[in-house]
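Chemist: Below is the file query20.cif, which contains mmCIF, C-alpha atoms.
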```
data_upload
#
loop_
_atom_site.group_PDB
_atom_site.id
_atom_site.type_symbol
_atom_site.label_atom_id
_atom_site.label_comp_id
_atom_site.auth_asym_id
_atom_site.auth_seq_id
_atom_site.Cartn_x
_atom_site.Cartn_y
_atom_site.Cartn_z
ATOM 1 C CA MET B 58 103.434 129.736 139.982
ATOM 2 C CA THR B 59 103.787 128.150 136.553
ATOM 3 C CA TYR B 60 102.112 124.837 135.787
ATOM 4 C CA TYR B 61 102.283 122.346 132.961
ATOM 5 C CA ILE B 62 100.163 119.441 131.787
ATOM 6 C CA GLY B 63 101.705 116.134 130.850
ATOM 7 C CA PHE B 64 100.192 113.201 128.954
ATOM 8 C CA ASP B 65 101.713 109.746 128.545
ATOM 9 C CA ILE B 66 99.818 108.016 125.747
ATOM 10 C CA GLY B 67 99.783 104.229 125.583
ATOM 11 C CA GLY B 68 97.735 101.568 123.863
ATOM 12 C CA THR B 69 95.920 100.546 127.048
ATOM 13 C CA SER B 70 95.701 103.732 129.099
ATOM 14 C CA ILE B 71 96.626 107.401 128.966
ATOM 15 C CA LYS B 72 98.175 109.006 132.019
ATOM 16 C CA TYR B 73 97.815 112.706 132.712
ATOM 17 C CA ALA B 74 99.145 115.091 135.327
ATOM 18 C CA LEU B 75 99.248 118.699 136.381
ATOM 19 C CA VAL B 76 102.932 119.343 137.074
ATOM 20 C CA SER B 77 104.607 122.224 138.879
ATOM 21 C CA ASP B 78 107.691 124.081 137.666
ATOM 22 C CA SER B 79 109.800 121.930 140.016
ATOM 23 C CA GLY B 80 108.445 118.633 138.665
ATOM 24 C CA GLU B 81 105.931 117.886 141.418
ATOM 25 C CA LEU B 82 102.778 116.059 140.298
ATOM 26 C CA ILE B 83 99.937 118.151 141.721
ATOM 27 C CA ASP B 84 97.012 116.207 140.285
ATOM 28 C CA ASN B 85 97.289 113.056 138.228
ATOM 29 C CA GLY B 86 95.276 110.117 136.966
ATOM 30 C CA SER B 87 94.528 108.095 133.869
ATOM 31 C CA PHE B 88 91.753 107.143 131.497
ATOM 32 C CA PRO B 89 91.352 104.217 129.083
ATOM 33 C CA SER B 90 93.018 104.546 125.708
ATOM 34 C CA THR B 91 91.022 103.972 122.530
ATOM 35 C CA PRO B 92 93.697 102.924 120.012
ATOM 36 C CA ASP B 93 91.250 102.750 117.109
ATOM 37 C CA ASP B 94 89.510 106.058 117.889
ATOM 38 C CA GLY B 95 91.855 109.034 117.782
ATOM 39 C CA GLU B 96 89.038 111.554 118.118
ATOM 40 C CA GLN B 97 87.962 110.021 121.422
ATOM 41 C CA ILE B 98 91.537 110.280 122.682
ATOM 42 C CA MET B 99 91.607 113.945 121.654
ATOM 43 C CA ALA B 100 88.279 114.608 123.369
ATOM 44 C CA SER B 101 89.402 112.961 126.615
ATOM 45 C CA MET B 102 92.693 114.878 126.632
ATOM 46 C CA THR B 103 90.951 118.163 125.888
ATOM 47 C CA LYS B 104 88.563 117.530 128.782
ATOM 48 C CA GLN B 105 91.486 117.229 131.199
ATOM 49 C CA VAL B 106 93.211 120.323 129.807
ATOM 50 C CA THR B 107 90.030 122.349 130.193
ATOM 51 C CA ARG B 108 89.560 121.130 133.763
ATOM 52 C CA PHE B 109 93.060 122.184 134.769
ATOM 53 C CA GLN B 110 92.790 125.528 133.004
ATOM 54 C CA GLU B 111 89.781 126.412 135.135
ATOM 55 C CA SER B 112 91.978 126.560 138.260
ATOM 56 C CA TYR B 113 95.574 127.028 137.108
ATOM 57 C CA HIS B 114 97.621 129.065 134.679
ATOM 58 C CA ILE B 115 98.964 126.478 132.248
ATOM 59 C CA GLU B 116 102.157 127.375 130.418
ATOM 60 C CA SER B 117 102.261 124.469 127.939
ATOM 61 C CA VAL B 118 101.550 120.777 127.406
ATOM 62 C CA GLY B 119 104.023 117.934 127.015
ATOM 63 C CA ILE B 120 102.995 114.643 125.429
ATOM 64 C CA SER B 121 104.845 111.321 125.543
ATOM 65 C CA MET B 122 104.023 109.182 122.505
ATOM 66 C CA PRO B 123 104.946 105.715 121.275
ATOM 67 C CA GLY B 124 106.403 105.568 117.789
ATOM 68 C CA ILE B 125 108.474 107.863 115.607
ATOM 69 C CA VAL B 126 107.947 111.550 116.322
ATOM 70 C CA ARG B 127 109.523 114.230 114.142
ATOM 71 C CA LYS B 128 110.671 117.485 115.710
ATOM 72 C CA ASP B 129 107.717 119.345 114.198
ATOM 73 C CA GLY B 130 105.231 116.970 115.855
ATOM 74 C CA TYR B 131 104.489 114.862 112.791
ATOM 75 C CA MET B 132 103.854 111.225 113.702
ATOM 76 C CA VAL B 133 105.573 108.890 111.265
ATOM 77 C CA ALA B 134 104.336 106.013 113.432
ATOM 78 C CA ALA B 135 102.389 105.928 116.701
ATOM 79 C CA GLY B 136 102.627 102.409 118.048
ATOM 80 C CA ALA B 137 99.191 100.943 118.689
ATOM 81 C CA ILE B 138 97.444 104.298 118.092
ATOM 82 C CA LYS B 139 96.770 103.784 114.379
ATOM 83 C CA PRO B 140 94.659 106.953 113.814
ATOM 84 C CA PHE B 141 97.693 109.107 114.696
ATOM 85 C CA TYR B 142 99.915 107.677 111.953
ATOM 86 C CA LYS B 143 100.908 110.282 109.349
ATOM 87 C CA VAL B 144 99.330 113.073 111.433
ATOM 88 C CA ASN B 145 100.879 116.287 112.738
ATOM 89 C CA LEU B 146 99.686 115.652 116.270
ATOM 90 C CA LYS B 147 101.338 118.782 117.647
ATOM 91 C CA GLU B 148 99.219 121.007 115.388
ATOM 92 C CA LYS B 149 96.103 118.972 116.148
ATOM 93 C CA CYS B 150 96.622 119.254 119.900
ATOM 94 C CA GLU B 151 97.487 122.955 119.842
ATOM 95 C CA ALA B 152 94.271 123.658 117.943
ATOM 96 C CA ALA B 153 92.274 121.680 120.518
ATOM 97 C CA PHE B 154 94.016 122.888 123.698
ATOM 98 C CA HIS B 155 94.821 126.497 122.664
ATOM 99 C CA LEU B 156 98.221 126.018 124.304
ATOM 100 C CA PRO B 157 101.780 125.378 123.110
ATOM 101 C CA VAL B 158 102.408 121.625 122.813
ATOM 102 C CA VAL B 159 105.580 119.535 122.670
ATOM 103 C CA LEU B 160 105.512 115.908 121.510
ATOM 104 C CA GLU B 161 108.290 113.431 122.199
ATOM 105 C CA ASN B 162 108.855 109.702 121.816
ATOM 106 C CA ASP B 163 108.068 107.846 125.042
ATOM 107 C CA ALA B 164 111.538 106.325 125.512
ATOM 108 C CA ASN B 165 113.085 109.757 124.931
ATOM 109 C CA CYS B 166 110.781 111.151 127.612
ATOM 110 C CA VAL B 167 112.041 108.600 130.113
ATOM 111 C CA ALA B 168 115.617 109.566 129.254
ATOM 112 C CA ILE B 169 115.038 113.306 129.594
ATOM 113 C CA ALA B 170 113.145 112.817 132.874
ATOM 114 C CA GLU B 171 116.248 111.175 134.329
ATOM 115 C CA GLN B 172 118.239 114.266 133.329
ATOM 116 C CA TRP B 173 115.841 116.544 135.185
ATOM 117 C CA LEU B 174 115.061 114.621 138.362
ATOM 118 C CA GLY B 175 116.710 111.210 138.139
ATOM 119 C CA ASN B 176 119.988 109.355 137.904
ATOM 120 C CA ALA B 177 121.344 111.312 134.923
ATOM 121 C CA GLN B 178 121.466 114.716 136.613
ATOM 122 C CA GLY B 179 124.652 116.501 135.601
ATOM 123 C CA ILE B 180 125.487 113.887 132.942
ATOM 124 C CA GLU B 181 125.892 115.048 129.336
ATOM 125 C CA ASN B 182 126.146 111.730 127.476
ATOM 126 C CA TYR B 183 124.078 108.719 128.462
ATOM 127 C CA VAL B 184 121.685 106.091 127.141
ATOM 128 C CA VAL B 185 118.441 104.879 128.699
ATOM 129 C CA VAL B 186 117.026 101.474 127.734
ATOM 130 C CA THR B 187 113.482 100.598 128.788
ATOM 131 C CA LEU B 188 112.513 96.943 128.988
ATOM 132 C CA GLY B 189 108.757 96.780 128.582
ATOM 133 C CA THR B 190 106.509 95.105 126.040
ATOM 134 C CA ALA B 191 109.434 95.596 123.666
ATOM 135 C CA VAL B 192 112.737 97.478 123.991
ATOM 136 C CA GLY B 193 112.845 101.287 123.968
ATOM 137 C CA CYS B 194 115.849 103.555 123.956
ATOM 138 C CA GLY B 195 116.604 107.230 124.523
ATOM 139 C CA ILE B 196 120.002 108.580 123.503
ATOM 140 C CA ILE B 197 121.314 111.790 125.052
ATOM 141 C CA ILE B 198 124.349 113.406 123.400
ATOM 142 C CA ASN B 199 125.832 116.628 124.792
ATOM 143 C CA GLY B 200 122.781 117.048 127.011
ATOM 144 C CA LYS B 201 120.247 116.804 124.178
ATOM 145 C CA ILE B 202 118.074 114.033 122.783
ATOM 146 C CA TYR B 203 119.526 112.544 119.629
ATOM 147 C CA HIS B 204 116.609 112.180 117.206
ATOM 148 C CA GLY B 205 118.459 111.103 114.067
ATOM 149 C CA ALA B 206 117.668 112.199 110.516
ATOM 150 C CA HIS B 207 114.032 111.000 110.577
ATOM 151 C CA GLY B 208 113.140 111.035 114.276
ATOM 152 C CA ALA B 209 113.756 107.294 114.512
ATOM 153 C CA ALA B 210 116.995 107.213 116.527
ATOM 154 C CA GLY B 211 116.719 104.807 119.425
ATOM 155 C CA GLU B 212 114.555 102.213 117.655
ATOM 156 C CA ILE B 213 117.048 99.609 118.819
ATOM 157 C CA GLY B 214 114.356 96.997 119.300
ATOM 158 C CA TRP B 215 114.438 96.435 115.547
ATOM 159 C CA SER B 216 118.148 95.554 115.607
ATOM 160 C CA MET B 217 119.247 92.009 114.887
ATOM 161 C CA GLN B 218 121.456 89.883 117.125
ATOM 162 C CA GLY B 219 121.656 86.414 115.617
ATOM 163 C CA SER B 220 121.825 84.701 112.244
ATOM 164 C CA LEU B 221 119.053 85.559 109.781
ATOM 165 C CA ASP B 222 116.389 83.081 108.700
ATOM 166 C CA TYR B 223 114.791 84.518 105.560
ATOM 167 C CA THR B 224 111.969 81.968 105.574
ATOM 168 C CA HIS B 225 110.004 84.054 108.066
ATOM 169 C CA ASP B 226 109.545 87.639 109.250
ATOM 170 C CA LEU B 227 112.973 88.758 110.449
ATOM 171 C CA GLU B 228 111.395 91.052 113.033
ATOM 172 C CA GLU B 229 110.635 87.915 115.035
ATOM 173 C CA ASP B 230 114.405 87.623 115.564
ATOM 174 C CA SER B 231 114.918 91.263 116.526
ATOM 175 C CA TRP B 232 115.982 92.559 119.926
ATOM 176 C CA ASN B 233 112.327 93.327 120.739
ATOM 177 C CA PHE B 234 111.595 89.607 120.562
ATOM 178 C CA THR B 235 114.616 88.540 122.589
ATOM 179 C CA SER B 236 114.806 91.290 125.202
ATOM 180 C CA GLY B 237 111.357 92.813 125.503
ATOM 181 C CA VAL B 238 109.755 91.593 128.718
ATOM 182 C CA ILE B 239 106.457 90.626 127.090
ATOM 183 C CA LEU B 240 107.581 89.905 123.508
ATOM 184 C CA GLY B 241 110.784 88.275 124.710
ATOM 185 C CA LEU B 242 110.827 86.858 128.232
ATOM 186 C CA TYR B 243 107.133 86.002 128.680
ATOM 187 C CA ASN B 244 106.805 84.701 125.130
ATOM 188 C CA ARG B 245 109.866 82.466 125.429
ATOM 189 C CA TYR B 246 108.595 81.009 128.684
ATOM 190 C CA TYR B 247 105.239 80.310 127.024
ATOM 191 C CA GLN B 248 106.934 78.644 124.053
ATOM 192 C CA ALA B 249 108.952 76.445 126.414
ATOM 193 C CA THR B 250 106.136 75.473 128.782
ATOM 194 C CA GLY B 251 102.778 76.324 127.203
ATOM 195 C CA GLN B 252 102.025 78.364 130.328
ATOM 196 C CA GLU B 253 101.181 82.059 130.109
ATOM 197 C CA ILE B 254 102.848 84.328 132.612
ATOM 198 C CA SER B 255 102.515 88.063 133.243
ATOM 199 C CA ASP B 256 104.983 88.799 136.032
ATOM 200 C CA ALA B 257 108.752 88.358 135.753
ATOM 201 C CA ARG B 258 108.926 87.794 139.514
ATOM 202 C CA LEU B 259 107.178 84.454 139.024
ATOM 203 C CA ILE B 260 109.914 83.295 136.660
ATOM 204 C CA LEU B 261 112.620 84.525 139.021
ATOM 205 C CA ASP B 262 110.946 82.644 141.856
ATOM 206 C CA LEU B 263 110.954 79.452 139.774
ATOM 207 C CA VAL B 264 114.651 79.960 139.083
ATOM 208 C CA ARG B 265 115.359 80.232 142.807
ATOM 209 C CA LYS B 266 113.481 76.942 143.315
ATOM 210 C CA GLY B 267 115.683 75.223 140.733
ATOM 211 C CA ASP B 268 113.155 74.953 137.898
ATOM 212 C CA VAL B 269 115.201 73.820 134.886
ATOM 213 C CA VAL B 270 113.063 75.392 132.163
ATOM 214 C CA ALA B 271 112.699 78.762 133.908
ATOM 215 C CA THR B 272 116.448 78.823 134.562
ATOM 216 C CA LYS B 273 117.215 78.173 130.895
ATOM 217 C CA VAL B 274 114.772 80.838 129.702
ATOM 218 C CA MET B 275 116.025 83.426 132.171
ATOM 219 C CA ASP B 276 119.673 82.645 131.428
ATOM 220 C CA GLN B 277 119.128 83.293 127.721
ATOM 221 C CA TYR B 278 117.240 86.482 128.532
ATOM 222 C CA TYR B 279 120.147 87.847 130.583
ATOM 223 C CA GLU B 280 122.504 86.982 127.744
ATOM 224 C CA ASP B 281 120.421 88.724 125.079
ATOM 225 C CA VAL B 282 119.827 91.861 127.130
ATOM 226 C CA ALA B 283 123.480 92.133 128.154
ATOM 227 C CA LYS B 284 124.717 91.710 124.572
ATOM 228 C CA GLY B 285 122.438 94.461 123.352
ATOM 229 C CA LEU B 286 123.479 96.829 126.130
ATOM 230 C CA LEU B 287 127.157 96.258 125.388
ATOM 231 C CA ASN B 288 126.545 96.955 121.695
ATOM 232 C CA LEU B 289 124.972 100.299 122.620
ATOM 233 C CA ILE B 290 127.847 101.206 124.907
ATOM 234 C CA CYS B 291 130.354 100.412 122.160
ATOM 235 C CA ALA B 292 128.382 102.519 119.658
ATOM 236 C CA PHE B 293 127.726 105.621 121.788
ATOM 237 C CA ASP B 294 130.364 105.599 124.555
ATOM 238 C CA PRO B 295 127.980 106.942 127.235
ATOM 239 C CA GLU B 296 129.005 107.992 130.712
ATOM 240 C CA VAL B 297 126.343 105.650 132.068
ATOM 241 C CA LEU B 298 123.626 103.370 130.701
ATOM 242 C CA LEU B 299 120.376 103.433 132.662
ATOM 243 C CA ILE B 300 117.835 100.607 132.655
ATOM 244 C CA GLY B 301 114.127 101.419 132.971
ATOM 245 C CA GLY B 302 110.858 99.528 132.795
ATOM 246 C CA GLY B 303 109.081 97.642 135.549
ATOM 247 C CA ILE B 304 111.578 94.780 135.659
ATOM 248 C CA SER B 305 114.388 97.242 136.405
ATOM 249 C CA ALA B 306 112.923 97.786 139.881
ATOM 250 C CA ASN B 307 113.810 94.191 140.780
ATOM 251 C CA GLN B 308 117.195 94.181 142.518
ATOM 252 C CA GLU B 309 117.755 90.484 141.846
ATOM 253 C CA PHE B 310 117.247 91.013 138.126
ATOM 254 C CA LEU B 311 119.655 93.952 138.046
ATOM 255 C CA GLU B 312 122.341 92.050 139.945
ATOM 256 C CA ASN B 313 122.098 89.034 137.649
ATOM 257 C CA LEU B 314 122.084 91.211 134.537
ATOM 258 C CA THR B 315 125.182 93.065 135.764
ATOM 259 C CA ASP B 316 126.917 89.749 136.458
ATOM 260 C CA ARG B 317 126.205 88.577 132.909
ATOM 261 C CA PHE B 318 127.345 91.915 131.492
ATOM 262 C CA ASP B 319 130.599 91.622 133.455
ATOM 263 C CA LYS B 320 131.083 88.036 132.232
ATOM 264 C CA ILE B 321 130.818 89.144 128.612
ATOM 265 C CA LYS B 322 133.318 91.927 129.238
ATOM 266 C CA ARG B 323 135.807 89.520 130.825
ATOM 267 C CA HIS B 324 135.699 87.220 127.809
ATOM 268 C CA HIS B 325 136.160 90.007 125.229
ATOM 269 C CA SER B 326 139.855 90.897 125.238
ATOM 270 C CA SER B 327 139.650 94.448 123.877
ATOM 271 C CA ILE B 328 136.661 95.394 126.023
ATOM 272 C CA ASN B 329 138.216 93.762 129.077
ATOM 273 C CA ARG B 330 141.295 95.955 128.701
ATOM 274 C CA LEU B 331 139.093 99.055 128.603
ATOM 275 C CA LYS B 332 136.519 98.071 131.227
ATOM 276 C CA ASN B 333 137.702 100.674 133.724
ATOM 277 C CA GLU B 334 138.418 103.307 131.069
ATOM 278 C CA THR B 335 135.628 103.609 128.490
ATOM 279 C CA ILE B 336 132.998 100.965 129.216
ATOM 280 C CA ALA B 337 130.066 102.582 131.026
ATOM 281 C CA ASP B 338 128.406 101.122 134.105
ATOM 282 C CA ILE B 339 124.820 99.895 134.024
ATOM 283 C CA LYS B 340 122.524 101.463 136.601
ATOM 284 C CA PRO B 341 118.742 101.545 137.172
ATOM 285 C CA CYS B 342 116.581 104.539 136.371
ATOM 286 C CA PHE B 343 115.488 106.531 139.404
ATOM 287 C CA LEU B 344 112.028 107.449 138.119
ATOM 288 C CA ARG B 345 109.427 104.759 137.566
ATOM 289 C CA ASN B 346 105.821 104.888 136.357
ATOM 290 C CA ASP B 347 105.670 108.672 136.033
ATOM 291 C CA ALA B 348 108.907 109.065 134.046
ATOM 292 C CA GLY B 349 107.103 109.514 130.722
ATOM 293 C CA LEU B 350 104.914 112.283 132.112
ATOM 294 C CA ILE B 351 107.811 114.034 133.797
ATOM 295 C CA GLY B 352 110.010 113.865 130.716
ATOM 296 C CA ALA B 353 107.240 115.197 128.483
ATOM 297 C CA VAL B 354 106.690 118.125 130.843
ATOM 298 C CA TYR B 355 110.424 118.823 131.012
ATOM 299 C CA GLN B 356 110.453 119.208 127.226
ATOM 300 C CA ALA B 357 107.478 121.560 127.489
ATOM 301 C CA LYS B 358 109.165 123.482 130.286
ATOM 302 C CA LYS B 359 112.252 124.054 128.133
ATOM 303 C CA MET B 360 110.102 125.859 125.550
ATOM 304 C CA LYS B 361 110.101 128.989 127.753
#
```
Would you write the structure of this file as structure tokens?

Modeler:
Amino acid sequence: MTYYIGFDIGGTSIKYALVSDSGELIDNGSFPSTPDDGEQIMASMTKQVTRFQESYHIESVGISMPGIVRKDGYMVAAGAIKPFYKVNLKEKCEAAFHLPVVLENDANCVAIAEQWLGNAQGIENYVVVTLGTAVGCGIIINGKIYHGAHGAAGEIGWSMQGSLDYTHDLEEDSWNFTSGVILGLYNRYYQATGQEISDARLILDLVRKGDVVATKVMDQYYEDVAKGLLNLICAFDPEVLLIGGGISANQEFLENLTDRFDKIKRHHSSINRLKNETIADIKPCFLRNDAGLIGAVYQAKKMK
């Protein structure tokens, strides 16, 4: 049997897994990330690769990375992992692992995982939006990831939604800071109340209890997310738009977001006329915490 190794690199932790040819996670775990020490990350990854190679025939390695990843594995940016900026991480990993390596942006990995084992099976054109710390996006056109000219396609979190105030950093007004769960929702609740929060379910519970501030914050969040999703649908005309990230597992959130999305459509005459013709439905991703790993391995699997 053929096996693959997947890594999902983040600023806090790095997930790893031994994955079968059918996508089953045989052995998986995680270790702490060291964002300021790239060599320690490489050493920890190499240790896991070596361990798996002792018992299994490994075909290749797939790595999910934050940031802008070129097709040749060169990292234009790497999120919180500063030592990997301006580094050809594919070449570095292949030299360390002695195996073929594929690198892909983390949001793209989530999107491609849904094509393999999730809610995009059999679909050629779709968009996946992940609501996490910020907003990630994977764009699939004709069954393939759309990378753009510089590997930066899908960086929709940088896009602007409102009027521009040039007296401060405009990134503070970007979609990341309106629709990211941490940068957007949690931060807005903190600004409104002075109370830190780390679980969207707590805000939703306050809304159910009639809390005025939580209701106002959550209402604006639904509006901002829905507007951004509609903009993507108008730009790419997908068959479906999938929502990922931890908050997407909350049925109440998804129902309220869909209601707001439908409200916007009803009040936009051209879109309303086309709502049953060209405007894609919003659905949740099927895969959750392991989507990055699975998508990275699927890219490695397709190397054969």

Chemist: At a cut-off of 8 Å, using only C-alpha atoms, what residues contact range 217-222 of chain B? Leave out same-chain residues fewer than 3 positions from it and give the result as a PyMOL selection string.

Modeler: chain B and resi 225+227+230-232+285

Chemist: Go through range 271-340 of chain B and flag each residue having an atom no more than 12 Å from range 200-209 of chain B; for those, report the closest pair of atoms plus their distance in Å to one decimal, using all atoms listed in the file, ordered by chain and rising number, as a Markdown table.

Modeler:
```
| residue | atom | partner | partner_atom | distance |
| --- | --- | --- | --- | --- |
| B:Phe293 | CA | B:Tyr203 | CA | 10.9 |
| B:Pro295 | CA | B:Gly200 | CA | 11.4 |
| B:Glu296 | CA | B:Gly200 | CA | 11.6 |
```

Chemist: Find the residues with any atom within 9 Å of (115.3, 80.9, 132.3); use all atoms listed in the file and the coordinates as given in the file, and write the answer as a PyMOL selection string.

Modeler: chain B and resi 242+245-246+260-261+263-264+268-279

Chemist: From the set B:Tyr142, B:Tyr113, B:Ser87, B:Asp294, which residue has the shortest atom-to-atom contact distance to Leu331 in chain B, counting all atoms listed in the file?

Modeler: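 Of B:Tyr142, B:Tyr113, B:Ser87, B:Asp294, the one nearest Leu331 in chain B is B:Asp294, counting all atoms listed in the file.
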
Chemist: Just give me the gap between CA of Asp129 in chain B and CA of Val158 in chain B in Å, one decimal is fine.

Modeler: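 Those two atoms sit 10.4 Å apart.
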
Chemist: Considering all atoms listed in the file, return as a ChimeraX atom specification whatever protein or nucleic-acid residues lie within 12 Å of Lys139 in chain B, sequence-local ones (same chain, fewer than 6 positions apart) excluded.

Modeler: /B:67-68,90-96,98,123-124,132-133

Chemist: Decode the PyMOL selection byres ((chain B and resi 103-112) around 8) for the given file into explicit residues and return them as a list of chain:residue names.

Modeler: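 On this input, the PyMOL selection byres ((chain B and resi 103-112) around 8) captures B:Ile62, B:Tyr73, B:Leu75, B:Met99, B:Ala100, B:Ser101, B:Met102, B:Tyr113, B:His114, B:Ile115, B:Ala153, B:Phe154.
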
Chemist: Tell me which of B:Val192, B:Ala348, B:Leu240, B:Ala283 sits closest to Asp319 in chain B, counting only C-alpha atoms.

Modeler: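 Nearest candidate to Asp319 in chain B out of B:Val192, B:Ala348, B:Leu240, B:Ala283: B:Ala283.
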
Chemist: Return as a PyMOL selection string the set of residues that the PyMOL selection byres ((chain B and resi 144) around 12) yields on the displayed structure.

Modeler: chain B and resi 95+125-127+129-135+138-143+145-150

Chemist: Near Gln178 in chain B, within 10 Å and counting all atoms listed in the file, which residues show up once chain neighbours fewer than 5 positions away are dropped, as a VMD selection string?

Modeler: chain B and resid 169 to 173 200

Chemist: Would you work out the distance separating CA of Asn162 in chain B from CA of Phe64 in chain B, expressed in Å to one decimal?

Modeler: 11.8 Å

Chemist: Using the chain letters and numbers from the file, which residues does the PyMOL selection byres ((chain B and resi 163) around 8) grab, as a ChimeraX atom specification?

Modeler: /B:65,121-124,161-162,164-167,349

Chemist: Please produce a file of the residues just selected, as a PDB file, keeping the file's coordinate frame, where the atoms kept are C-alpha atoms.

Modeler:
```pdb
ATOM      1  CA  ASP B  65     101.713 109.746 128.545  1.00  0.00           C
ATOM      2  CA  SER B 121     104.845 111.321 125.543  1.00  0.00           C
ATOM      3  CA  MET B 122     104.023 109.182 122.505  1.00  0.00           C
ATOM      4  CA  PRO B 123     104.946 105.715 121.275  1.00  0.00           C
ATOM      5  CA  GLY B 124     106.403 105.568 117.789  1.00  0.00           C
ATOM      6  CA  GLU B 161     108.290 113.431 122.199  1.00  0.00           C
ATOM      7  CA  ASN B 162     108.855 109.702 121.816  1.00  0.00           C
ATOM      8  CA  ALA B 164     111.538 106.325 125.512  1.00  0.00           C
ATOM      9  CA  ASN B 165     113.085 109.757 124.931  1.00  0.00           C
ATOM     10  CA  CYS B 166     110.781 111.151 127.612  1.00  0.00           C
ATOM     11  CA  VAL B 167     112.041 108.600 130.113  1.00  0.00           C
ATOM     12  CA  GLY B 349     107.103 109.514 130.722  1.00  0.00           C
TER      13      GLY B 349
END
```

Chemist: One number please: CA of Gly80 in chain B to CA of Ile351 in chain B, in Å, one decimal.

Modeler: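 Computed distance, CA of Gly80 in chain B to CA of Ile351 in chain B, equals 6.7 Å.
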
Chemist: Determine the nearest neighbour of Tyr61 in chain B from the options B:Leu82, B:Ile336, B:Leu299, B:Ala168, counting all atoms listed in the file.

Modeler: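 The closest residue to Tyr61 in chain B is B:Leu82.
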
Chemist: Counting all atoms listed in the file, figure out which residue out of B:Ile66, B:Thr59, B:Ser326, B:Gly267 gets nearest to Asp78 in chain B.

Modeler: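 Using all atoms listed in the file, Asp78 in chain B sits closest to B:Thr59.
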
Chemist: From the set B:Asn244, B:Ser70, B:Ser236, B:Asn346, which residue has the shortest atom-to-atom contact distance to Val186 in chain B, counting all atoms listed in the file?

Modeler: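 Closest to Val186 in chain B of all the choices is B:Ser236.
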
Chemist: Taking all atoms listed in the file into account, name the residue in B:Asn313, B:Ser79, B:Thr190, B:Ser216 that is nearest to Leu289 in chain B.

Modeler: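 Checking each candidate against Leu289 in chain B, we get B:Ser216 as the closest.
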
Chemist: Would you kindly return, as number ranges by chain, each protein, DNA or RNA residue with an atom no farther than 10 Å from any atom of Asp256 in chain B, considering all atoms listed in the file and excluding same-chain residues fewer than 6 positions away?

Modeler: B: 238-239, 242-243, 303-304

Chemist: Write out as a PyMOL selection string which residues come within 9 Å of Leu298 in chain B when counting only C-alpha atoms, dropping same-chain ones fewer than 3 positions away.

Modeler: chain B and resi 183-186+286+289-290+295+337-341

Chemist: Could you turn the residues from that selection into a file that holds C-alpha atoms, as an mmCIF file, in the coordinates of the input?

Modeler:
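As a result, selection-v4.cif now contains:
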```
data_model
loop_
_atom_site.group_PDB
_atom_site.id
_atom_site.type_symbol
_atom_site.label_atom_id
_atom_site.label_comp_id
_atom_site.auth_asym_id
_atom_site.auth_seq_id
_atom_site.Cartn_x
_atom_site.Cartn_y
_atom_site.Cartn_z
ATOM 1 C CA TYR B 183 124.078 108.719 128.462
ATOM 2 C CA VAL B 184 121.685 106.091 127.141
ATOM 3 C CA VAL B 185 118.441 104.879 128.699
ATOM 4 C CA VAL B 186 117.026 101.474 127.734
ATOM 5 C CA LEU B 286 123.479 96.829 126.130
ATOM 6 C CA LEU B 289 124.972 100.299 122.620
ATOM 7 C CA ILE B 290 127.847 101.206 124.907
ATOM 8 C CA PRO B 295 127.980 106.942 127.235
ATOM 9 C CA ALA B 337 130.066 102.582 131.026
ATOM 10 C CA ASP B 338 128.406 101.122 134.105
ATOM 11 C CA ILE B 339 124.820 99.895 134.024
ATOM 12 C CA LYS B 340 122.524 101.463 136.601
ATOM 13 C CA PRO B 341 118.742 101.545 137.172
#
```
